[in-house]
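Below: upload39.csv (CSV, C-alpha atoms and all ligand atoms)
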```csv
chain,number,residue,atom,x,y,z
C,4,MET,CA,1.4,12.1,6.3
C,5,LEU,CA,-1.5,10.8,8.4
C,6,LYS,CA,-1.3,12.2,11.9
C,7,ASP,CA,-3.6,9.8,13.7
C,8,GLN,CA,-1.8,6.6,14.7
C,9,GLY,CA,-4.9,4.5,14.1
C,10,ALA,CA,-5.1,5.9,10.6
C,11,GLN,CA,-1.4,5.1,10.0
C,12,GLU,CA,-2.0,1.5,11.1
C,13,TYR,CA,-5.0,1.4,8.8
C,14,ALA,CA,-3.0,2.6,5.8
C,15,ALA,CA,-0.2,0.0,6.4
C,16,ASN,CA,-2.8,-2.7,6.7
C,17,GLN,CA,-4.5,-1.6,3.4
C,18,THR,CA,-1.2,-1.8,1.7
C,19,ARG,CA,-0.8,-5.4,2.8
C,20,GLU,CA,-4.4,-6.3,1.7
C,21,GLU,CA,-3.8,-4.7,-1.8
C,22,ALA,CA,-0.7,-6.8,-2.3
C,23,ARG,CA,-2.9,-9.8,-1.6
C,24,HIS,CA,-5.5,-8.7,-4.2
C,25,VAL,CA,-2.9,-8.1,-6.9
C,26,THR,CA,-1.5,-11.6,-6.2
C,27,ALA,CA,-4.9,-13.2,-6.2
C,28,PHE,CA,-6.1,-11.5,-9.5
C,29,ALA,CA,-2.8,-12.1,-11.2
C,30,LYS,CA,-3.0,-15.8,-10.4
C,31,TYR,CA,-6.6,-16.0,-11.4
C,32,ILE,CA,-6.0,-14.4,-14.8
C,33,LYS,CA,-2.9,-16.5,-15.4
C,34,ALA,CA,-4.9,-19.7,-14.6
C,35,ARG,CA,-7.7,-18.7,-17.0
C,36,TRP,CA,-6.2,-16.7,-19.8
C,37,GLY,CA,-2.4,-16.2,-19.4
C,38,ARG,CA,-0.5,-13.0,-18.8
C,39,PRO,CA,-2.5,-10.1,-17.2
C,40,VAL,CA,-2.6,-6.9,-19.4
C,41,GLU,CA,-1.1,-3.7,-18.1
C,42,CYS,CA,-3.2,-1.1,-16.3
C,43,GLY,CA,-4.9,1.3,-18.8
C,44,PRO,CA,-3.0,4.6,-19.4
C,45,VAL,CA,-5.6,6.9,-17.9
C,46,LEU,CA,-6.2,4.9,-14.7
C,47,LYS,CA,-2.4,4.5,-14.4
C,48,ASP,CA,-1.9,8.3,-14.7
C,49,LEU,CA,-4.5,8.9,-12.0
C,50,LEU,CA,-2.9,6.3,-9.7
C,51,VAL,CA,0.6,7.8,-10.2
C,52,GLU,CA,-0.8,11.3,-9.5
C,53,ILE,CA,-2.4,10.0,-6.3
C,54,ILE,CA,0.9,8.3,-5.2
C,55,HIS,CA,3.0,11.5,-5.8
C,56,ALA,CA,0.5,14.0,-4.4
C,57,PRO,CA,1.6,15.7,-1.2
C,58,GLU,CA,-2.0,16.6,-0.3
C,59,VAL,CA,-3.9,14.2,2.0
C,60,TYR,CA,-7.2,15.0,0.4
C,61,LYS,CA,-6.0,13.8,-3.0
C,62,LYS,CA,-4.9,10.5,-1.6
C,63,ILE,CA,-8.0,9.8,0.3
C,64,ILE,CA,-10.6,11.1,-2.1
C,65,GLY,CA,-8.6,9.7,-5.1
C,66,MET,CA,-7.9,6.2,-3.6
C,67,GLN,CA,-10.4,5.4,-0.8
C,68,MET,CA,-13.4,7.2,-2.2
C,69,LEU,CA,-13.0,7.1,-6.0
C,70,VAL,CA,-10.8,4.1,-6.8
C,71,GLU,CA,-12.2,1.9,-4.0
C,72,GLY,CA,-15.7,3.0,-5.1
C,73,LEU,CA,-14.8,1.9,-8.6
C,74,ALA,CA,-13.6,-1.4,-7.2
C,75,MET,CA,-16.8,-2.0,-5.3
C,76,GLY,CA,-18.9,-1.2,-8.4
C,77,ALA,CA,-16.7,-3.3,-10.7
C,78,PHE,CA,-16.4,-6.3,-8.4
C,79,ALA,CA,-20.2,-6.2,-7.6
C,80,THR,CA,-20.8,-6.3,-11.4
C,81,ILE,CA,-18.4,-9.3,-11.9
C,82,PHE,CA,-19.9,-11.1,-8.9
C,83,ASN,CA,-23.5,-10.7,-10.3
C,84,GLU,CA,-22.7,-11.4,-13.9
C,85,THR,CA,-20.0,-14.1,-14.0
C,86,ASN,CA,-20.7,-17.8,-14.6
C,87,ASP,CA,-17.3,-18.7,-13.2
C,88,PRO,CA,-17.6,-19.8,-9.5
C,89,LEU,CA,-13.9,-19.0,-8.9
C,90,ALA,CA,-14.4,-15.4,-10.2
C,91,ARG,CA,-17.4,-15.1,-8.0
C,92,LYS,CA,-15.6,-16.3,-4.8
C,93,LEU,CA,-12.5,-14.2,-5.6
C,94,THR,CA,-14.4,-11.0,-6.2
C,95,GLN,CA,-16.4,-11.6,-3.0
C,96,LEU,CA,-13.4,-12.2,-0.8
C,97,VAL,CA,-11.6,-9.2,-2.2
C,98,MET,CA,-14.7,-7.1,-1.6
C,99,THR,CA,-14.6,-8.0,2.1
C,100,ASP,CA,-11.4,-5.9,2.2
C,101,GLU,CA,-12.5,-3.2,-0.3
C,102,ALA,CA,-15.7,-2.5,1.7
C,103,PHE,CA,-13.5,-1.4,4.6
C,104,HIS,CA,-11.2,0.7,2.4
C,105,HIS,CA,-14.1,2.6,1.0
C,106,LYS,CA,-15.5,3.0,4.6
C,107,PHE,CA,-12.3,4.6,5.7
C,108,GLY,CA,-12.7,7.3,3.0
C,109,LYS,CA,-16.3,7.9,4.3
C,110,ILE,CA,-15.0,8.2,7.9
C,111,TRP,CA,-12.3,10.7,6.8
C,112,ALA,CA,-14.9,12.7,4.8
C,113,ASP,CA,-17.4,12.9,7.6
C,114,ARG,CA,-14.8,14.2,10.0
C,115,THR,CA,-13.1,16.5,7.5
C,116,ILE,CA,-15.5,18.0,4.9
C,117,PRO,CA,-17.7,19.9,7.5
C,118,HIS,CA,-14.7,21.8,8.8
C,119,LEU,CA,-13.2,22.9,5.5
C,120,THR,CA,-12.9,26.6,4.7
C,121,PRO,CA,-14.9,27.6,1.6
C,122,ALA,CA,-11.6,27.9,-0.4
C,123,GLU,CA,-10.5,24.4,0.7
C,124,HIS,CA,-13.9,22.9,-0.2
C,125,GLU,CA,-13.8,24.5,-3.6
C,126,THR,CA,-10.3,23.0,-4.3
C,127,ILE,CA,-11.4,19.5,-3.2
C,128,GLU,CA,-14.7,19.7,-5.0
C,129,MET,CA,-13.1,20.8,-8.3
C,130,TRP,CA,-10.4,18.1,-8.0
C,131,ALA,CA,-13.0,15.4,-7.4
C,132,ALA,CA,-15.0,16.6,-10.5
C,133,HIS,CA,-11.8,16.5,-12.6
C,134,CYS,CA,-11.1,12.9,-11.5
C,135,PHE,CA,-14.7,11.9,-12.2
C,136,GLN,CA,-14.6,13.4,-15.7
C,137,THR,CA,-11.3,11.8,-16.5
C,138,LEU,CA,-12.6,8.4,-15.4
C,139,LEU,CA,-16.0,8.7,-17.1
C,140,PHE,CA,-14.5,9.6,-20.4
C,141,ASN,CA,-11.5,7.3,-20.4
C,142,LEU,CA,-11.8,4.4,-18.0
C,143,VAL,CA,-13.8,2.1,-20.3
C,144,ALA,CA,-13.0,3.9,-23.6
C,145,PRO,CA,-11.6,1.9,-26.5
C,146,THR,CA,-8.4,4.1,-26.4
C,147,GLN,CA,-7.5,2.3,-23.2
C,148,ASN,CA,-7.5,-1.1,-24.9
C,149,VAL,CA,-5.7,-0.5,-28.2
C,150,SER,CA,-3.3,-3.5,-27.8
C,151,LEU,CA,-6.2,-5.9,-27.4
C,152,TYR,CA,-7.8,-5.1,-30.7
C,153,ALA,CA,-4.9,-6.1,-32.9
C,154,GLU,CA,-4.9,-9.4,-31.1
C,155,PHE,CA,-8.4,-10.1,-32.4
C,156,GLY,CA,-7.8,-8.7,-35.9
C,157,LEU,CA,-9.6,-5.4,-35.3
C,158,ASP,CA,-8.3,-2.1,-36.5
C,159,PRO,CA,-7.9,0.1,-33.4
C,160,ASP,CA,-8.6,3.4,-35.2
C,161,ARG,CA,-11.9,2.0,-36.6
C,162,VAL,CA,-13.0,0.6,-33.2
C,163,ILE,CA,-12.3,4.0,-31.6
C,164,ALA,CA,-14.1,5.9,-34.4
C,165,GLU,CA,-17.2,3.7,-34.4
C,166,MET,CA,-17.4,3.5,-30.6
C,167,GLY,CA,-17.2,7.3,-30.6
C,168,GLU,CA,-20.5,7.3,-32.6
C,169,LEU,CA,-22.2,4.7,-30.4
C,170,VAL,CA,-21.2,6.1,-27.0
C,171,ASN,CA,-22.4,9.6,-26.1
C,172,ASP,CA,-23.9,11.5,-23.1
C,173,GLU,CA,-27.3,9.9,-23.9
C,174,THR,CA,-26.0,6.3,-23.6
C,175,ARG,CA,-23.8,7.3,-20.5
C,176,ARG,CA,-26.9,8.7,-18.8
C,177,ASP,CA,-28.9,5.4,-19.6
C,178,GLU,CA,-26.1,3.2,-18.3
C,179,MET,CA,-25.8,5.3,-15.1
C,180,LYS,CA,-29.4,4.3,-14.2
C,181,GLU,CA,-28.1,0.9,-13.2
C,182,ALA,CA,-27.5,0.6,-9.4
C,183,THR,CA,-24.1,-1.1,-9.9
C,184,ASN,CA,-22.9,1.2,-12.6
C,185,ILE,CA,-19.4,2.2,-11.4
C,186,PHE,CA,-19.9,5.9,-12.3
C,187,ARG,CA,-23.2,6.1,-10.6
C,188,VAL,CA,-21.4,4.7,-7.5
C,189,LEU,CA,-18.8,7.4,-7.7
C,190,VAL,CA,-21.3,10.2,-7.9
C,191,LYS,CA,-23.2,8.7,-4.9
C,192,THR,CA,-20.0,8.5,-2.9
C,193,LEU,CA,-19.2,12.2,-3.5
C,194,VAL,CA,-22.8,13.3,-2.8
C,195,ASN,CA,-22.9,11.3,0.5
C,196,ALA,CA,-19.6,12.7,1.6
C,197,GLY,CA,-20.9,16.3,1.1
C,198,ILE,CA,-18.3,17.1,-1.5
C,199,ILE,CA,-20.7,18.0,-4.3
C,200,THR,CA,-22.4,21.4,-3.9
C,201,ASP,CA,-24.2,23.7,-6.3
C,202,ARG,CA,-20.9,24.6,-7.8
C,203,THR,CA,-20.6,21.2,-9.6
C,204,LYS,CA,-24.1,19.8,-9.2
C,205,ALA,CA,-25.1,20.7,-12.7
C,206,PHE,CA,-22.0,19.0,-14.2
C,207,TYR,CA,-23.0,15.6,-12.5
C,208,ALA,CA,-26.7,16.2,-13.3
C,209,THR,CA,-25.8,15.8,-17.0
C,210,TYR,CA,-25.5,12.1,-16.2
C,211,VAL,CA,-27.4,11.3,-13.1
C,212,ASP,CA,-30.3,12.5,-11.0
C,213,ILE,CA,-28.6,13.9,-7.9
C,214,ASP,CA,-31.8,14.2,-5.8
C,215,GLU,CA,-32.7,10.6,-6.5
C,216,LEU,CA,-29.2,9.5,-5.4
C,217,LYS,CA,-29.6,11.5,-2.1
C,218,GLY,CA,-32.9,9.7,-1.5
C,219,GLU,CA,-31.2,6.3,-1.7
C,220,GLY,CA,-29.3,6.8,1.6
C,221,ASP,CA,-25.7,5.9,2.1
C,222,LYS,CA,-25.8,2.1,1.6
C,223,MET,CA,-22.9,1.2,-0.6
C,224,VAL,CA,-23.2,-1.0,-3.7
C,225,GLY,CA,-21.6,-4.4,-2.9
C,226,ASP,CA,-21.9,-4.1,0.9
C,227,ASP,CA,-24.3,-7.0,1.0
C,228,ILE,CA,-22.0,-9.2,-1.0
C,229,ALA,CA,-19.1,-8.2,1.3
C,230,GLU,CA,-21.1,-9.0,4.4
C,231,GLN,CA,-22.0,-12.5,3.1
C,232,GLY,CA,-18.2,-13.0,2.4
C,233,ILE,CA,-17.3,-12.0,6.0
C,234,LYS,CA,-19.8,-14.6,7.3
C,235,TYR,CA,-18.2,-17.2,5.1
C,236,LEU,CA,-14.7,-16.2,6.5
C,237,GLN,CA,-16.0,-16.3,10.1
C,238,GLU,CA,-17.2,-19.9,9.6
C,239,ILE,CA,-13.7,-20.9,8.4
C,240,ASN,CA,-11.7,-18.9,10.9
C,241,PHE,CA,-13.8,-19.6,14.0
C,242,LYS,CA,-14.4,-23.3,13.3
C,243,ASP,CA,-11.4,-24.4,15.3
C,244,ARG,CA,-12.0,-21.8,18.0
C,245,ALA,CA,-15.5,-23.2,18.6
C,246,LYS,CA,-13.9,-26.7,19.0
C,247,GLN,CA,-11.3,-25.3,21.4
C,248,VAL,CA,-13.9,-23.7,23.5
C,249,LEU,CA,-15.7,-27.0,23.7
C,250,ILE,CA,-12.5,-28.9,24.7
C,251,ALA,CA,-11.7,-26.2,27.3
C,252,ALA,CA,-15.3,-26.6,28.7
C,253,GLU,CA,-14.8,-30.3,29.0
C,301,FE,FE,-7.8,-4.0,-3.7
C,302,FE,FE,-8.7,-1.6,-1.8
```
Represent the structure from my file as structure tokens, please.
Amino acid sequence: MLKDQGAQEYAANQTREEARHVTAFAKYIKARWGRPVECGPVLKDLLVEIIHAPEVYKKIIGMQMLVEGLAMGAFATIFNETNDPLARKLTQLVMTDEAFHHKFGKIWADRTIPHLTPAEHETIEMWAAHCFQTLLFNLVAPTQNVSLYAEFGLDPDRVIAEMGELVNDETRRDEMKEATNIFRVLVKTLVNAGIITDRTKAFYATYVDIDELKGEGDKMVGDDIAEQGIKYLQEINFKDRAKQVLIAAE
């Protein structure tokens, strides 16, 4: 559905890179803990909706802007918090790809959003808000991990009920003050893309200070980690080339 041939090539290449990520994470999880668990139901529903959507905006906002934004926030958090050197290297190398996937969404938005009709902008803005709300309330909710609780002798209904008392808009707002918080990253992505207007600003403002986000500029969380990863890859990939140049010069 992408008309630009460069964009078509980009999309094919992203598919190849995602297959690599799935393989790498599956192997990592298997090496450390055993069989990877299934995707949580809400994220799975969103991914399936994006796959089946005939609208280009749903695919690009849904995948490149929101899901890739989630990936950058989540991997940056793992990179910063983990004590496992293998997890650190794995998330960093995957982020060297994800940073570009997220950037493609930004390029699309910069070229598309300013030319939308008011009706199109409204459709896109409301769909983005719907996705954000779905992810905020469900992505890390205990309802998405029911099968894990039984394994540890916990009653899933009790976990869900008690976490419902502990997690509320107040705690969400507090958590979203952290720069690498995945939901903060999502709102920032939508603000920078010009998708959020006065129509939905109040909804996001329940959780995060929109003007503060605007003042932060458009540097993406995790970009620094990805840049260091690319330098590391260049050292490996161009090591032989440097030798060949020397040999050729001789
Ligand atoms: Fe990926
Ligand atoms: Fe990706």
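Taking atom CA of C:Val143 and atom CA of C:Met166 as endpoints, the distance between them is 11.0 Å.
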Produce as a ChimeraX atom specification the set of residues near ligand FE 301 (chain C), where near means within 10 Å with only C-alpha atoms and all ligand atoms considered.
/C:17-25,27-28,70-71,74-75,94,97-102,104
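Note that atom CA of C:Val188 and atom CA of C:Leu73 are 7.3 Å apart.
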Would you pick out the contacts of C:Leu69 at 10 Å or less, using all atoms listed in the file, so that residues sharing its chain but fewer than 6 positions from it are not included, and give the list as a list in words?
Lys62, Ile63, Met75, His105, Gly108, Ala131, Cys134, Phe135, Leu138, Ile185, Phe186, Val188, Leu189, Val190, Thr192 and Leu193 of chain C
Point out the residue among C:Met129, C:Met223, C:Leu157, C:Leu216 with the least atom-to-atom distance to C:Thr200, counting all atoms listed in the file.
C:Met129
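Considering only C-alpha atoms, the residue among C:Glu219, C:Glu41, C:Glu58, C:Glu230 positioned nearest to C:Thr126 is C:Glu58.
Going from atom CA of C:Thr120 to atom FE of ligand FE 302 (chain C) covers 29.2 Å.
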Spatial neighbours of C:Arg176, 12 Å, all atoms listed in the file, chain gap at least 6 places, as a list in words:
Leu139, Val170, Asn184, Phe186, Arg187, Tyr207, Ala208, Thr209, Tyr210, Val211 and Asp212 of chain C
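Proximity of C:Ile250, C:Met66, C:Ile127, C:Val224 to C:Val51, computed with all atoms listed in the file, is greatest for C:Met66.
Closest approach to ligand FE 302 (chain C) among C:Pro159, C:Pro39, C:Gly218, C:Gly65 is made by C:Gly65 (distances from all atoms listed in the file).
Distances here use only C-alpha atoms and all ligand atoms; by that measure, the residue among C:Phe107, C:Lys217, C:Pro121, C:Val40 closest to ligand FE 302 (chain C) is C:Phe107.
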Please return as an MDAnalysis selection string every residue within 9 Å of (-21.4, -9.2, -6.8), taking into account only C-alpha atoms and the file's own coordinates.
chainID C and resid 75:85 91 94:95 98 224:225 227:229
Restricting the calculation to only C-alpha atoms, which member of C:Leu142, C:Leu249, C:Ala122, C:Leu49 is positioned closest to C:Lys61?
C:Leu49
Which residues are close to C:Ala196, i.e. within 10 Å by all atoms listed in the file, leaving aside same-chain residues fewer than 3 positions away? Reply as a tab-separated table (two decimals) with C-alpha atoms, in the coordinates of the input.
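Once written, selection.tsv looks like this:
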```
chain	number	residue	atom	x	y	z
C	64	ILE	CA	-10.60	11.10	-2.10
C	68	MET	CA	-13.40	7.20	-2.20
C	108	GLY	CA	-12.70	7.30	3.00
C	109	LYS	CA	-16.30	7.90	4.30
C	110	ILE	CA	-15.00	8.20	7.90
C	111	TRP	CA	-12.30	10.70	6.80
C	112	ALA	CA	-14.90	12.70	4.80
C	113	ASP	CA	-17.40	12.90	7.60
C	114	ARG	CA	-14.80	14.20	10.00
C	115	THR	CA	-13.10	16.50	7.50
C	116	ILE	CA	-15.50	18.00	4.90
C	117	PRO	CA	-17.70	19.90	7.50
C	190	VAL	CA	-21.30	10.20	-7.90
C	191	LYS	CA	-23.20	8.70	-4.90
C	192	THR	CA	-20.00	8.50	-2.90
C	193	LEU	CA	-19.20	12.20	-3.50
C	199	ILE	CA	-20.70	18.00	-4.30
C	221	ASP	CA	-25.70	5.90	2.10
```
My structure is short of atoms at stretch 150-179 of chain C; please model N, CA and C atoms there, returning them as a PDB file, in the coordinates of the input.
```pdb
ATOM      1  N   SER C 150      -4.114  -2.263 -27.501  1.00  0.00           N
ATOM      2  CA  SER C 150      -3.300  -3.500 -27.800  1.00  0.00           C
ATOM      3  C   SER C 150      -4.147  -4.723 -27.917  1.00  0.00           C
ATOM      4  N   LEU C 151      -5.342  -4.710 -27.304  1.00  0.00           N
ATOM      5  CA  LEU C 151      -6.200  -5.900 -27.400  1.00  0.00           C
ATOM      6  C   LEU C 151      -6.795  -6.093 -28.784  1.00  0.00           C
ATOM      7  N   TYR C 152      -7.104  -4.981 -29.464  1.00  0.00           N
ATOM      8  CA  TYR C 152      -7.800  -5.100 -30.700  1.00  0.00           C
ATOM      9  C   TYR C 152      -7.030  -5.799 -31.815  1.00  0.00           C
ATOM     10  N   ALA C 153      -5.762  -5.459 -31.898  1.00  0.00           N
ATOM     11  CA  ALA C 153      -4.900  -6.100 -32.900  1.00  0.00           C
ATOM     12  C   ALA C 153      -4.890  -7.602 -32.726  1.00  0.00           C
ATOM     13  N   GLU C 154      -4.866  -8.025 -31.459  1.00  0.00           N
ATOM     14  CA  GLU C 154      -4.900  -9.400 -31.100  1.00  0.00           C
ATOM     15  C   GLU C 154      -6.066 -10.170 -31.735  1.00  0.00           C
ATOM     16  N   PHE C 155      -7.191  -9.458 -31.864  1.00  0.00           N
ATOM     17  CA  PHE C 155      -8.400 -10.100 -32.400  1.00  0.00           C
ATOM     18  C   PHE C 155      -8.681  -9.639 -33.850  1.00  0.00           C
ATOM     19  N   GLY C 156      -7.636  -9.105 -34.508  1.00  0.00           N
ATOM     20  CA  GLY C 156      -7.800  -8.700 -35.900  1.00  0.00           C
ATOM     21  C   GLY C 156      -8.606  -7.503 -36.164  1.00  0.00           C
ATOM     22  N   LEU C 157      -8.757  -6.643 -35.147  1.00  0.00           N
ATOM     23  CA  LEU C 157      -9.600  -5.400 -35.300  1.00  0.00           C
ATOM     24  C   LEU C 157      -8.624  -4.227 -35.491  1.00  0.00           C
ATOM     25  N   ASP C 158      -9.062  -3.285 -36.333  1.00  0.00           N
ATOM     26  CA  ASP C 158      -8.300  -2.100 -36.500  1.00  0.00           C
ATOM     27  C   ASP C 158      -8.618  -1.081 -35.411  1.00  0.00           C
ATOM     28  N   PRO C 159      -7.635  -0.774 -34.530  1.00  0.00           N
ATOM     29  CA  PRO C 159      -7.900   0.100 -33.400  1.00  0.00           C
ATOM     30  C   PRO C 159      -8.551   1.426 -33.739  1.00  0.00           C
ATOM     31  N   ASP C 160      -8.072   2.058 -34.845  1.00  0.00           N
ATOM     32  CA  ASP C 160      -8.600   3.400 -35.200  1.00  0.00           C
ATOM     33  C   ASP C 160     -10.104   3.266 -35.567  1.00  0.00           C
ATOM     34  N   ARG C 161     -10.457   2.171 -36.248  1.00  0.00           N
ATOM     35  CA  ARG C 161     -11.900   2.000 -36.600  1.00  0.00           C
ATOM     36  C   ARG C 161     -12.725   1.724 -35.381  1.00  0.00           C
ATOM     37  N   VAL C 162     -12.206   0.909 -34.452  1.00  0.00           N
ATOM     38  CA  VAL C 162     -13.000   0.600 -33.200  1.00  0.00           C
ATOM     39  C   VAL C 162     -13.204   1.933 -32.464  1.00  0.00           C
ATOM     40  N   ILE C 163     -12.141   2.758 -32.341  1.00  0.00           N
ATOM     41  CA  ILE C 163     -12.300   4.000 -31.600  1.00  0.00           C
ATOM     42  C   ILE C 163     -13.277   4.942 -32.296  1.00  0.00           C
ATOM     43  N   ALA C 164     -13.186   5.046 -33.639  1.00  0.00           N
ATOM     44  CA  ALA C 164     -14.100   5.900 -34.400  1.00  0.00           C
ATOM     45  C   ALA C 164     -15.543   5.460 -34.263  1.00  0.00           C
ATOM     46  N   GLU C 165     -15.769   4.157 -34.420  1.00  0.00           N
ATOM     47  CA  GLU C 165     -17.200   3.700 -34.400  1.00  0.00           C
ATOM     48  C   GLU C 165     -17.751   3.678 -33.011  1.00  0.00           C
ATOM     49  N   MET C 166     -16.914   3.396 -31.998  1.00  0.00           N
ATOM     50  CA  MET C 166     -17.400   3.500 -30.600  1.00  0.00           C
ATOM     51  C   MET C 166     -17.743   4.925 -30.257  1.00  0.00           C
ATOM     52  N   GLY C 167     -16.967   5.860 -30.825  1.00  0.00           N
ATOM     53  CA  GLY C 167     -17.200   7.300 -30.600  1.00  0.00           C
ATOM     54  C   GLY C 167     -18.608   7.687 -31.080  1.00  0.00           C
ATOM     55  N   GLU C 168     -19.103   7.004 -32.133  1.00  0.00           N
ATOM     56  CA  GLU C 168     -20.500   7.300 -32.600  1.00  0.00           C
ATOM     57  C   GLU C 168     -21.528   6.653 -31.763  1.00  0.00           C
ATOM     58  N   LEU C 169     -21.183   5.497 -31.193  1.00  0.00           N
ATOM     59  CA  LEU C 169     -22.200   4.700 -30.400  1.00  0.00           C
ATOM     60  C   LEU C 169     -22.309   5.212 -28.973  1.00  0.00           C
ATOM     61  N   VAL C 170     -21.206   5.707 -28.394  1.00  0.00           N
ATOM     62  CA  VAL C 170     -21.200   6.100 -27.000  1.00  0.00           C
ATOM     63  C   VAL C 170     -21.274   7.625 -26.885  1.00  0.00           C
ATOM     64  N   ASN C 171     -22.319   8.142 -26.255  1.00  0.00           N
ATOM     65  CA  ASN C 171     -22.400   9.600 -26.100  1.00  0.00           C
ATOM     66  C   ASN C 171     -23.075   9.875 -24.712  1.00  0.00           C
ATOM     67  N   ASP C 172     -23.348  11.161 -24.431  1.00  0.00           N
ATOM     68  CA  ASP C 172     -23.900  11.500 -23.100  1.00  0.00           C
ATOM     69  C   ASP C 172     -25.252  10.795 -22.880  1.00  0.00           C
ATOM     70  N   GLU C 173     -25.996  10.595 -23.974  1.00  0.00           N
ATOM     71  CA  GLU C 173     -27.300   9.900 -23.900  1.00  0.00           C
ATOM     72  C   GLU C 173     -27.105   8.462 -23.349  1.00  0.00           C
ATOM     73  N   THR C 174     -26.172   7.733 -23.970  1.00  0.00           N
ATOM     74  CA  THR C 174     -26.000   6.300 -23.600  1.00  0.00           C
ATOM     75  C   THR C 174     -25.324   6.285 -22.159  1.00  0.00           C
ATOM     76  N   ARG C 175     -24.455   7.269 -21.859  1.00  0.00           N
ATOM     77  CA  ARG C 175     -23.800   7.300 -20.500  1.00  0.00           C
ATOM     78  C   ARG C 175     -24.932   7.481 -19.451  1.00  0.00           C
ATOM     79  N   ARG C 176     -25.860   8.402 -19.745  1.00  0.00           N
ATOM     80  CA  ARG C 176     -26.900   8.700 -18.800  1.00  0.00           C
ATOM     81  C   ARG C 176     -27.788   7.394 -18.582  1.00  0.00           C
ATOM     82  N   ASP C 177     -28.069   6.684 -19.672  1.00  0.00           N
ATOM     83  CA  ASP C 177     -28.900   5.400 -19.600  1.00  0.00           C
ATOM     84  C   ASP C 177     -28.139   4.406 -18.736  1.00  0.00           C
ATOM     85  N   GLU C 178     -26.846   4.239 -18.997  1.00  0.00           N
ATOM     86  CA  GLU C 178     -26.100   3.200 -18.300  1.00  0.00           C
ATOM     87  C   GLU C 178     -25.998   3.570 -16.772  1.00  0.00           C
ATOM     88  N   MET C 179     -25.975   4.859 -16.489  1.00  0.00           N
ATOM     89  CA  MET C 179     -25.800   5.300 -15.100  1.00  0.00           C
ATOM     90  C   MET C 179     -27.121   5.131 -14.285  1.00  0.00           C
TER      91      MET C 179
END
```
